[in-house]
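*Asks:* What follows is the file data.txt, containing compact mmCIF, C-alpha atoms (C1' of nucleotides):
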```txt
# COMPACT_ATOMS: atom_id res chain seq x y z
CA MET A 920 86.13 103.28 -40.02
CA ALA A 921 82.77 104.61 -39.18
CA LYS A 922 83.02 107.42 -36.70
CA SER A 923 79.41 106.75 -35.74
CA ASN A 924 77.58 109.64 -34.16
CA PRO A 925 75.75 109.05 -30.93
CA PRO A 926 72.35 107.45 -31.58
CA PHE A 927 69.86 110.13 -32.48
CA MET A 928 67.97 109.85 -29.30
CA SER A 929 70.38 109.00 -26.58
CA GLY A 930 71.44 111.41 -23.91
CA VAL A 931 68.15 111.25 -22.10
CA PRO A 932 69.63 109.80 -18.95
CA GLU A 933 72.21 112.56 -19.15
CA LEU A 934 69.50 115.14 -19.59
CA LEU A 935 67.51 113.93 -16.62
CA LEU A 936 70.54 113.85 -14.37
CA LEU A 937 71.63 117.32 -15.31
CA ARG A 938 68.13 118.64 -14.87
CA LEU A 939 67.83 117.21 -11.38
CA LEU A 940 71.24 118.43 -10.35
CA ASP A 941 70.37 121.89 -11.57
CA ASN A 942 68.08 122.15 -8.57
CA ARG A 943 70.41 120.92 -5.89
CA GLU A 944 73.33 118.61 -5.41
CA MET A 945 72.45 114.96 -5.08
CA TYR A 946 74.17 111.60 -4.82
CA GLY A 947 73.95 108.63 -7.13
CA TYR A 948 71.71 106.34 -5.19
CA GLU A 949 69.38 109.24 -4.58
CA LEU A 950 69.28 110.11 -8.25
CA VAL A 951 68.23 106.60 -9.18
CA ARG A 952 65.09 106.95 -7.14
CA ALA A 953 64.56 110.59 -8.03
CA ILE A 954 64.38 109.84 -11.72
CA LYS A 955 61.68 107.30 -11.17
CA GLU A 956 59.78 109.72 -9.01
CA VAL A 957 60.10 112.84 -11.09
CA THR A 958 59.04 111.06 -14.26
CA GLY A 959 55.97 109.65 -12.62
CA GLU A 960 57.35 106.10 -12.76
CA ALA A 961 57.52 106.38 -16.52
CA ILE A 962 61.28 106.03 -16.62
CA SER A 963 63.35 103.84 -14.39
CA LEU A 964 67.10 103.81 -14.80
CA GLY A 965 69.19 101.37 -12.83
CA GLU A 966 72.48 102.00 -11.10
CA GLY A 967 74.25 100.35 -13.97
CA VAL A 968 73.13 103.25 -16.10
CA ILE A 969 73.38 106.11 -13.63
CA TYR A 970 76.83 105.62 -12.20
CA PRO A 971 78.67 105.36 -15.50
CA VAL A 972 76.89 108.43 -16.81
CA LEU A 973 77.75 110.39 -13.67
CA HIS A 974 81.38 109.41 -14.01
CA SER A 975 81.41 110.37 -17.63
CA LEU A 976 79.82 113.73 -16.90
CA GLU A 977 82.38 114.36 -14.24
CA ARG A 978 85.25 113.41 -16.53
CA THR A 979 84.03 115.79 -19.18
CA GLY A 980 83.65 118.64 -16.76
CA SER A 981 79.90 118.96 -16.57
CA LEU A 982 79.74 117.83 -12.97
CA LYS A 983 81.91 118.13 -9.93
CA ALA A 984 81.89 115.55 -7.18
CA ARG A 985 82.16 115.95 -3.44
CA ARG A 986 82.54 113.02 -1.08
CA LYS A 987 80.61 113.35 2.12
CA PRO A 988 80.53 110.80 4.94
CA VAL A 989 77.06 110.30 6.32
CA GLY A 990 76.54 107.96 9.23
CA GLY A 991 79.29 105.48 8.45
CA ARG A 992 78.59 105.43 4.73
CA THR A 993 80.03 107.74 2.15
CA ARG A 994 77.94 109.58 -0.33
CA VAL A 995 79.24 111.20 -3.46
CA TYR A 996 77.37 114.40 -4.10
CA TYR A 997 77.35 115.85 -7.60
CA SER A 998 76.67 119.40 -8.64
CA LEU A 999 76.59 121.28 -11.93
CA THR A 1000 79.51 123.27 -13.22
CA ARG A 1001 79.07 126.23 -15.50
CA GLN A 1002 79.87 123.94 -18.37
CA GLY A 1003 77.28 121.50 -17.12
CA ARG A 1004 74.64 124.19 -17.30
CA GLY A 1005 75.56 124.79 -20.91
CA ARG A 1006 75.38 121.09 -21.62
CA LEU A 1007 71.97 120.96 -20.00
CA ALA A 1008 70.70 123.75 -22.20
CA ASP A 1009 71.98 122.01 -25.31
CA LEU A 1010 70.46 118.67 -24.43
CA GLN A 1011 67.20 120.32 -23.57
CA GLU A 1012 67.06 121.95 -26.95
CA ASP A 1013 67.97 118.71 -28.70
CA TRP A 1014 65.22 116.98 -26.85
CA ARG A 1015 62.59 119.55 -27.70
CA ARG A 1016 63.58 119.27 -31.31
CA ILE A 1017 63.19 115.57 -31.59
CA GLN A 1018 60.16 115.47 -29.34
CA GLY A 1019 58.52 118.07 -31.52
CA GLY A 1020 59.44 116.17 -34.63
CA ILE A 1021 57.82 113.01 -33.37
CA GLU A 1022 54.75 114.86 -32.22
CA THR A 1023 54.38 116.37 -35.66
CA ALA A 1024 54.68 112.95 -37.18
CA LEU A 1025 52.12 111.40 -34.89
CA GLU A 1026 49.64 114.19 -35.32
CA SER A 1027 50.00 114.51 -39.05
CA PRO A 1028 46.72 113.99 -40.84
CA GLY A 1029 45.40 110.70 -42.03
CA HIS A 1030 44.86 108.36 -39.17
CA ALA A 1031 41.34 107.45 -38.28
CA MET B 2 72.16 85.17 -18.74
CA ALA B 3 70.95 88.71 -18.68
CA LYS B 4 67.81 88.72 -20.78
CA SER B 5 68.06 92.49 -21.13
CA ASN B 6 64.89 94.33 -21.97
CA PRO B 7 64.90 96.63 -24.96
CA PRO B 8 66.47 99.99 -24.12
CA PHE B 9 63.88 102.17 -22.47
CA MET B 10 63.50 104.45 -25.38
CA SER B 11 64.04 102.44 -28.47
CA GLY B 12 61.30 101.63 -30.88
CA VAL B 13 61.00 105.15 -32.16
CA PRO B 14 62.04 104.24 -35.68
CA GLU B 15 59.47 101.48 -35.51
CA LEU B 16 56.85 103.91 -34.29
CA LEU B 17 57.49 106.39 -37.06
CA LEU B 18 57.38 103.73 -39.74
CA LEU B 19 54.14 102.26 -38.50
CA ARG B 20 52.61 105.68 -38.20
CA LEU B 21 53.48 106.58 -41.77
CA LEU B 22 52.27 103.27 -43.12
CA ASP B 23 49.02 103.71 -41.30
CA ASN B 24 48.18 106.38 -43.87
CA ARG B 25 49.13 104.56 -47.02
CA GLU B 26 51.47 101.91 -48.27
CA MET B 27 55.00 103.10 -48.97
CA TYR B 28 58.33 101.66 -49.98
CA GLY B 29 61.60 101.78 -48.08
CA TYR B 30 63.45 104.44 -49.96
CA GLU B 31 60.38 106.62 -49.80
CA LEU B 32 60.06 106.12 -46.07
CA VAL B 33 63.62 107.28 -45.49
CA ARG B 34 62.77 110.65 -46.97
CA ALA B 35 59.30 110.77 -45.51
CA ILE B 36 60.59 110.50 -41.97
CA LYS B 37 62.86 113.44 -42.47
CA GLU B 38 60.04 115.42 -43.95
CA VAL B 39 57.31 114.58 -41.50
CA THR B 40 59.48 115.30 -38.50
CA GLY B 41 60.46 118.69 -39.85
CA GLU B 42 64.05 117.56 -40.42
CA ALA B 43 64.36 116.83 -36.73
CA ILE B 44 64.95 113.15 -37.26
CA SER B 45 66.87 111.57 -40.05
CA LEU B 46 67.17 107.82 -40.21
CA GLY B 47 69.37 106.22 -42.84
CA GLU B 48 68.66 103.17 -44.91
CA GLY B 49 70.83 101.14 -42.60
CA VAL B 50 68.23 101.73 -39.94
CA ILE B 51 65.05 101.62 -41.99
CA TYR B 52 65.49 98.45 -43.99
CA PRO B 53 66.32 96.15 -41.11
CA VAL B 54 63.41 97.50 -39.10
CA LEU B 55 61.05 96.96 -42.02
CA HIS B 56 62.24 93.39 -42.39
CA SER B 57 61.84 92.78 -38.72
CA LEU B 58 58.34 94.21 -38.71
CA GLU B 59 57.44 92.01 -41.63
CA ARG B 60 58.88 88.93 -39.97
CA THR B 61 56.86 89.56 -36.84
CA GLY B 62 53.66 90.09 -38.75
CA SER B 63 53.14 93.80 -38.31
CA LEU B 64 53.70 94.56 -41.96
CA LYS B 65 53.06 92.83 -45.21
CA ALA B 66 55.19 93.44 -48.28
CA ARG B 67 54.22 93.67 -51.91
CA ARG B 68 56.80 93.84 -54.70
CA LYS B 69 55.88 96.17 -57.49
CA PRO B 70 57.97 96.85 -60.59
CA VAL B 71 58.05 100.52 -61.47
CA GLY B 72 59.88 101.62 -64.57
CA GLY B 73 62.61 99.00 -64.59
CA ARG B 74 63.20 99.15 -60.85
CA THR B 75 61.42 97.17 -58.24
CA ARG B 76 59.84 98.72 -55.23
CA VAL B 77 58.78 96.87 -52.12
CA TYR B 78 55.64 98.42 -50.75
CA TYR B 79 54.73 97.83 -47.13
CA SER B 80 51.35 98.10 -45.50
CA LEU B 81 49.99 97.56 -42.01
CA THR B 82 48.36 94.37 -40.91
CA ARG B 83 45.76 94.26 -38.20
CA GLN B 84 48.49 93.21 -35.83
CA GLY B 85 50.57 96.14 -36.99
CA ARG B 86 47.83 98.52 -36.05
CA GLY B 87 47.82 97.06 -32.58
CA ARG B 88 51.56 97.39 -32.38
CA LEU B 89 51.29 101.00 -33.45
CA ALA B 90 48.80 101.74 -30.71
CA ASP B 91 51.06 100.15 -28.12
CA LEU B 92 54.15 102.01 -29.22
CA GLN B 93 52.23 105.24 -29.32
CA GLU B 94 51.15 104.77 -25.76
CA ASP B 95 54.65 103.86 -24.66
CA TRP B 96 55.93 106.96 -26.29
CA ARG B 97 53.38 109.25 -24.69
CA ARG B 98 54.25 107.77 -21.37
CA ILE B 99 57.94 108.40 -21.54
CA GLN B 100 57.52 111.70 -23.32
CA GLY B 101 55.19 112.82 -20.55
CA GLY B 102 57.60 111.61 -17.93
CA ILE B 103 60.43 113.62 -19.35
CA GLU B 104 58.27 116.67 -19.74
CA THR B 105 57.27 116.44 -16.12
CA ALA B 106 60.89 116.17 -15.14
CA LEU B 107 61.95 119.14 -17.22
CA GLU B 108 59.13 121.32 -16.02
CA SER B 109 59.40 120.42 -12.40
CA PRO B 110 60.01 123.44 -10.20
CA GLY B 111 63.34 124.75 -9.23
CA HIS B 112 65.34 125.86 -12.17
CA ALA B 113 66.20 129.52 -12.42
C1' DT C 592 71.95 86.81 12.96
C1' DT C 593 69.78 87.30 9.22
C1' DA C 594 67.39 90.15 5.97
C1' DG C 595 66.83 94.36 3.88
C1' DA C 596 67.86 98.95 2.95
C1' DT C 597 71.50 102.19 1.89
C1' DG C 598 75.42 103.42 -0.94
C1' DC C 599 79.14 102.76 -3.97
C1' DC C 600 80.88 100.32 -7.97
C1' DT C 601 81.96 97.20 -12.44
C1' DC C 602 81.43 93.68 -15.84
C1' DG C 603 79.36 90.91 -19.70
C1' DA C 604 75.89 90.80 -22.80
C1' DA C 605 72.07 92.51 -25.53
C1' DT C 606 70.36 96.06 -28.32
C1' DC C 607 70.37 99.47 -31.21
C1' DA C 608 71.72 102.95 -34.47
C1' DC C 609 75.43 104.58 -37.62
C1' DA C 610 78.44 104.90 -41.53
C1' DA C 611 79.93 102.74 -45.31
C1' DG C 612 79.69 99.98 -48.53
C1' DG C 613 77.67 96.82 -52.56
C1' DT C 614 74.28 95.81 -56.43
C1' DA C 615 71.48 97.49 -60.23
C1' DT C 616 68.71 100.52 -63.26
C1' DA C 617 67.37 105.12 -65.01
C1' DT C 618 68.23 109.93 -66.11
C1' DG C 619 70.60 114.01 -67.22
C1' DA C 620 74.74 116.34 -68.37
C1' DT C 621 79.04 116.64 -70.83
C1' DA D 900 79.32 107.62 -75.40
C1' DT D 901 80.33 108.34 -70.65
C1' DC D 902 80.11 110.01 -66.23
C1' DA D 903 77.70 111.63 -62.27
C1' DT D 904 73.59 111.60 -59.80
C1' DA D 905 69.28 109.85 -58.33
C1' DT D 906 66.51 105.95 -57.46
C1' DA D 907 65.94 101.53 -55.07
C1' DC D 908 67.19 97.55 -52.75
C1' DC D 909 70.31 95.40 -49.39
C1' DT D 910 74.14 93.82 -45.67
C1' DT D 911 78.05 94.18 -42.80
C1' DG D 912 81.16 95.95 -39.21
C1' DT D 913 81.54 98.85 -35.50
C1' DG D 914 80.52 101.84 -31.91
C1' DA D 915 77.60 103.77 -28.55
C1' DT D 916 74.22 102.95 -25.05
C1' DT D 917 71.63 100.57 -21.98
C1' DC D 918 70.45 96.41 -19.26
C1' DG D 919 70.85 92.99 -15.75
C1' DA D 920 73.31 90.91 -12.37
C1' DG D 921 76.40 90.90 -9.46
C1' DG D 922 80.24 92.44 -5.72
C1' DC D 923 81.59 95.20 -1.69
C1' DA D 924 80.53 97.53 2.64
C1' DT D 925 77.69 99.65 6.34
C1' DC D 926 73.52 100.40 9.03
C1' DT D 927 68.84 99.07 10.90
C1' DA D 928 65.24 96.17 12.21
C1' DA D 929 63.23 91.66 13.12
```
Turn this file's structure into structure tokens for me.
*Replies:*
Amino acid sequence: MAKSNPPFMSGVPELLLLRLLDNREMYGYELVRAIKEVTGEAISLGEGVIYPVLHSLERTGSLKARRKPVGGRTRVYYSLTRQGRGRLADLQEDWRRIQGGIETALESPGHA
Amino acid sequence: MAKSNPPFMSGVPELLLLRLLDNREMYGYELVRAIKEVTGEAISLGEGVIYPVLHSLERTGSLKARRKPVGGRTRVYYSLTRQGRGRLADLQEDWRRIQGGIETALESPGHA
DNA sequence: TTAGATGCCTCGAATCACAAGGTATATGAT
DNA sequence: ATCATATACCTTGTGATTCGAGGCATCTAA
């Protein structure tokens, strides 16, 4: 029935979120803009990506949420749990691995 | 409606294939192993990924195919077209862009 | 009062990658 | 001889992920 592993190169949104939240707690709408900014406009993830990932990370215990009313609106601030820090380290290592692999491939000899 | 752009970080299989074929013509089964090898085992793409991508690249004019019987079996060798070289350059630039963006994000100040 | 920004959210669809299979020939071992 | 493994091509079903577009509500500025 095809258990299907996660695609070999997913988890980048997750990685970016965890990395940002490792600095300080932030809320969803803020994270959407922060990702664009911190990647030098190279990566732009919409709310339709961010919110589900945040919820998933919370469900699996990597993040904890804190609702905070700010001027009539309500923000949901997320921060890393201990487990989340572990997850971050894992994803970071995964990323370096595949990034390194691709770099090796691109730099391998033979192209003009 | 939802025309949906390609996921922000797809096209890596495509990139790797084009890069390898920029050196010399190769056939599908060979490419499956070559990707594993050239990425230092970091990335392993099965035939279920490779063959469809090759067909797609041929259909869109980035690759041309050449059937070649070898000892009873038939291999399909692929090589880059001019257009394929352009496509490779584009994908390479895309990759550098997002790779750089992520690196910036990961190295940004603030983590212990 | 209307438009735009903030701030949360979800849904349907597109895209992609994965595992698992199916076909066929060759080779090596039993 | 026969059976397993490697080579070599392929497709199909499914699952995971992302995308776009929207909905809801509040605040601010024109």
*Asks:* Mind running chain B against chain C at 12 Å and telling me each contacting residue's nearest atom pair with the distance in Å (one decimal), counting all atoms listed in the file, chain and number ascending, as JSON lines?
*Replies:*
```
{"residue": "B:Met2", "atom": "CA", "partner": "C:DA604", "partner_atom": "C1'", "distance": 7.9}
{"residue": "B:Ala3", "atom": "CA", "partner": "C:DA604", "partner_atom": "C1'", "distance": 6.8}
{"residue": "B:Lys4", "atom": "CA", "partner": "C:DA605", "partner_atom": "C1'", "distance": 7.4}
{"residue": "B:Ser5", "atom": "CA", "partner": "C:DA605", "partner_atom": "C1'", "distance": 6.0}
{"residue": "B:Asn6", "atom": "CA", "partner": "C:DA605", "partner_atom": "C1'", "distance": 8.2}
{"residue": "B:Pro7", "atom": "CA", "partner": "C:DT606", "partner_atom": "C1'", "distance": 6.4}
{"residue": "B:Pro8", "atom": "CA", "partner": "C:DT606", "partner_atom": "C1'", "distance": 6.9}
{"residue": "B:Phe9", "atom": "CA", "partner": "C:DT606", "partner_atom": "C1'", "distance": 10.7}
{"residue": "B:Met10", "atom": "CA", "partner": "C:DC607", "partner_atom": "C1'", "distance": 10.3}
{"residue": "B:Ser11", "atom": "CA", "partner": "C:DC607", "partner_atom": "C1'", "distance": 7.5}
{"residue": "B:Gly12", "atom": "CA", "partner": "C:DC607", "partner_atom": "C1'", "distance": 9.3}
{"residue": "B:Val13", "atom": "CA", "partner": "C:DC607", "partner_atom": "C1'", "distance": 11.0}
{"residue": "B:Pro14", "atom": "CA", "partner": "C:DA608", "partner_atom": "C1'", "distance": 9.8}
{"residue": "B:Glu15", "atom": "CA", "partner": "C:DC607", "partner_atom": "C1'", "distance": 11.9}
{"residue": "B:Ser45", "atom": "CA", "partner": "C:DC609", "partner_atom": "C1'", "distance": 11.3}
{"residue": "B:Leu46", "atom": "CA", "partner": "C:DA608", "partner_atom": "C1'", "distance": 8.8}
{"residue": "B:Gly47", "atom": "CA", "partner": "C:DC609", "partner_atom": "C1'", "distance": 8.2}
{"residue": "B:Glu48", "atom": "CA", "partner": "C:DC609", "partner_atom": "C1'", "distance": 10.0}
{"residue": "B:Gly49", "atom": "CA", "partner": "C:DC609", "partner_atom": "C1'", "distance": 7.6}
{"residue": "B:Val50", "atom": "CA", "partner": "C:DA608", "partner_atom": "C1'", "distance": 6.6}
{"residue": "B:Ile51", "atom": "CA", "partner": "C:DA608", "partner_atom": "C1'", "distance": 10.1}
{"residue": "B:Pro53", "atom": "CA", "partner": "C:DA608", "partner_atom": "C1'", "distance": 10.9}
{"residue": "B:Val54", "atom": "CA", "partner": "C:DC607", "partner_atom": "C1'", "distance": 10.7}
{"residue": "B:Pro70", "atom": "CA", "partner": "C:DT616", "partner_atom": "C1'", "distance": 11.7}
{"residue": "B:Val71", "atom": "CA", "partner": "C:DT616", "partner_atom": "C1'", "distance": 10.8}
{"residue": "B:Gly72", "atom": "CA", "partner": "C:DA617", "partner_atom": "C1'", "distance": 8.3}
{"residue": "B:Gly73", "atom": "CA", "partner": "C:DT616", "partner_atom": "C1'", "distance": 6.4}
{"residue": "B:Arg74", "atom": "CA", "partner": "C:DT616", "partner_atom": "C1'", "distance": 6.2}
{"residue": "B:Thr75", "atom": "CA", "partner": "C:DT616", "partner_atom": "C1'", "distance": 9.5}
```
*Asks:* I need the residue nearest chain B from this list: D:DA905, D:DC926, D:DA920, D:DA900. Use all atoms listed in the file for the distance.
*Replies:*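 The shortest atom-to-atom distance to chain B comes from D:DA920.
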*Asks:* Would you give me, as a ChimeraX atom specification, the residues of chain A that come within 12 Å of chain B, using all atoms listed in the file?
*Replies:* /A:926-943,953-965,968,1004,1007-1008,1010-1031
*Asks:* With a cut-off of 9 Å and counting only C-alpha atoms (C1' of nucleotides), select all residues of chain D in contact with chain B and give the selection as a PDB file with C-alpha atoms (C1' of nucleotides), in the coordinates of the input.
*Replies:*
```pdb
ATOM      1  C1'  DT D 906      66.510 105.950 -57.460  1.00  0.00           C
ATOM      2  C1'  DA D 907      65.940 101.530 -55.070  1.00  0.00           C
ATOM      3  C1'  DC D 908      67.190  97.550 -52.750  1.00  0.00           C
ATOM      4  C1'  DC D 909      70.310  95.400 -49.390  1.00  0.00           C
ATOM      5  C1'  DT D 910      74.140  93.820 -45.670  1.00  0.00           C
ATOM      6  C1'  DT D 916      74.220 102.950 -25.050  1.00  0.00           C
ATOM      7  C1'  DT D 917      71.630 100.570 -21.980  1.00  0.00           C
ATOM      8  C1'  DC D 918      70.450  96.410 -19.260  1.00  0.00           C
ATOM      9  C1'  DG D 919      70.850  92.990 -15.750  1.00  0.00           C
ATOM     10  C1'  DA D 920      73.310  90.910 -12.370  1.00  0.00           C
TER      11       DA D 920
END
```
*Asks:* When you draw a straight line from atom CA of B:Gly62 to atom CA of B:Leu81, how long is it in Å?
*Replies:*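 Atom CA of B:Leu81 lies 8.9 Å from atom CA of B:Gly62.
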*Asks:* Would you compute the box with edges along x, y and z of the file around stretch 926-939 of chain A, including every atom the file lists for it and 5 Å extra on each side, and give its centre and edge lengths in Å to one decimal, as JSON?
*Replies:*
```
{"center_x": 69.9, "center_y": 113.0, "center_z": -21.9, "size_x": 14.8, "size_y": 21.2, "size_z": 31.1}
```
*Asks:* Will you give me stretch 973-989 of chain A, written with N, CA, C and O atoms and laid out as an mmCIF file, in the first residue's frame?
*Replies:*
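The file below, out-v6.cif, is the result:
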```
data_model
loop_
_atom_site.group_PDB
_atom_site.id
_atom_site.type_symbol
_atom_site.label_atom_id
_atom_site.label_comp_id
_atom_site.auth_asym_id
_atom_site.auth_seq_id
_atom_site.Cartn_x
_atom_site.Cartn_y
_atom_site.Cartn_z
ATOM 1 N N LEU A 973 2.653 25.200 10.974
ATOM 2 C CA LEU A 973 2.694 25.586 12.391
ATOM 3 C C LEU A 973 1.803 24.666 13.220
ATOM 4 O O LEU A 973 2.197 24.184 14.278
ATOM 5 N N HIS A 974 0.611 24.423 12.713
ATOM 6 C CA HIS A 974 -0.318 23.572 13.455
ATOM 7 C C HIS A 974 0.216 22.158 13.599
ATOM 8 O O HIS A 974 0.108 21.537 14.657
ATOM 9 N N SER A 975 0.810 21.695 12.520
ATOM 10 C CA SER A 975 1.376 20.361 12.559
ATOM 11 C C SER A 975 2.534 20.274 13.554
ATOM 12 O O SER A 975 2.652 19.310 14.317
ATOM 13 N N LEU A 976 3.366 21.291 13.551
ATOM 14 C CA LEU A 976 4.504 21.307 14.478
ATOM 15 C C LEU A 976 4.032 21.395 15.922
ATOM 16 O O LEU A 976 4.664 20.847 16.826
ATOM 17 N N GLU A 977 2.932 22.077 16.109
ATOM 18 C CA GLU A 977 2.409 22.155 17.465
ATOM 19 C C GLU A 977 1.848 20.796 17.888
ATOM 20 O O GLU A 977 2.110 20.310 18.984
ATOM 21 N N ARG A 978 1.107 20.188 16.987
ATOM 22 C CA ARG A 978 0.502 18.888 17.279
ATOM 23 C C ARG A 978 1.549 17.850 17.628
ATOM 24 O O ARG A 978 1.344 16.997 18.490
ATOM 25 N N THR A 979 2.685 17.927 16.958
ATOM 26 C CA THR A 979 3.717 16.920 17.182
ATOM 27 C C THR A 979 4.690 17.326 18.276
ATOM 28 O O THR A 979 5.690 16.651 18.497
ATOM 29 N N GLY A 980 4.402 18.415 18.930
ATOM 30 C CA GLY A 980 5.181 18.759 20.115
ATOM 31 C C GLY A 980 6.468 19.521 19.891
ATOM 32 O O GLY A 980 7.272 19.661 20.810
ATOM 33 N N SER A 981 6.666 20.024 18.696
ATOM 34 C CA SER A 981 7.880 20.796 18.443
ATOM 35 C C SER A 981 7.699 22.263 18.818
ATOM 36 O O SER A 981 8.669 22.973 19.070
ATOM 37 N N LEU A 982 6.458 22.698 18.806
ATOM 38 C CA LEU A 982 6.163 24.088 19.141
ATOM 39 C C LEU A 982 5.103 24.150 20.229
ATOM 40 O O LEU A 982 4.271 23.265 20.349
ATOM 41 N N LYS A 983 5.154 25.220 20.998
ATOM 42 C CA LYS A 983 4.009 25.505 21.852
ATOM 43 C C LYS A 983 3.456 26.885 21.509
ATOM 44 O O LYS A 983 4.192 27.792 21.128
ATOM 45 N N ALA A 984 2.144 26.994 21.612
ATOM 46 C CA ALA A 984 1.465 28.212 21.191
ATOM 47 C C ALA A 984 0.965 28.997 22.395
ATOM 48 O O ALA A 984 0.659 28.440 23.443
ATOM 49 N N ARG A 985 0.881 30.299 22.216
ATOM 50 C CA ARG A 985 0.447 31.184 23.280
ATOM 51 C C ARG A 985 -0.374 32.290 22.633
ATOM 52 O O ARG A 985 0.141 33.053 21.825
ATOM 53 N N ARG A 986 -1.643 32.380 22.995
ATOM 54 C CA ARG A 986 -2.484 33.416 22.405
ATOM 55 C C ARG A 986 -2.297 34.717 23.167
ATOM 56 O O ARG A 986 -2.264 34.725 24.397
ATOM 57 N N LYS A 987 -2.210 35.783 22.418
ATOM 58 C CA LYS A 987 -1.900 37.061 23.042
ATOM 59 C C LYS A 987 -2.667 38.162 22.334
ATOM 60 O O LYS A 987 -2.416 38.429 21.164
ATOM 61 N N PRO A 988 -3.616 38.781 23.024
ATOM 62 C CA PRO A 988 -4.396 39.853 22.405
ATOM 63 C C PRO A 988 -3.541 41.112 22.266
ATOM 64 O O PRO A 988 -2.876 41.521 23.223
ATOM 65 N N VAL A 989 -3.574 41.671 21.078
ATOM 66 C CA VAL A 989 -2.787 42.877 20.820
ATOM 67 C C VAL A 989 -3.653 43.886 20.077
ATOM 68 O O VAL A 989 -3.913 43.720 18.889
#
```
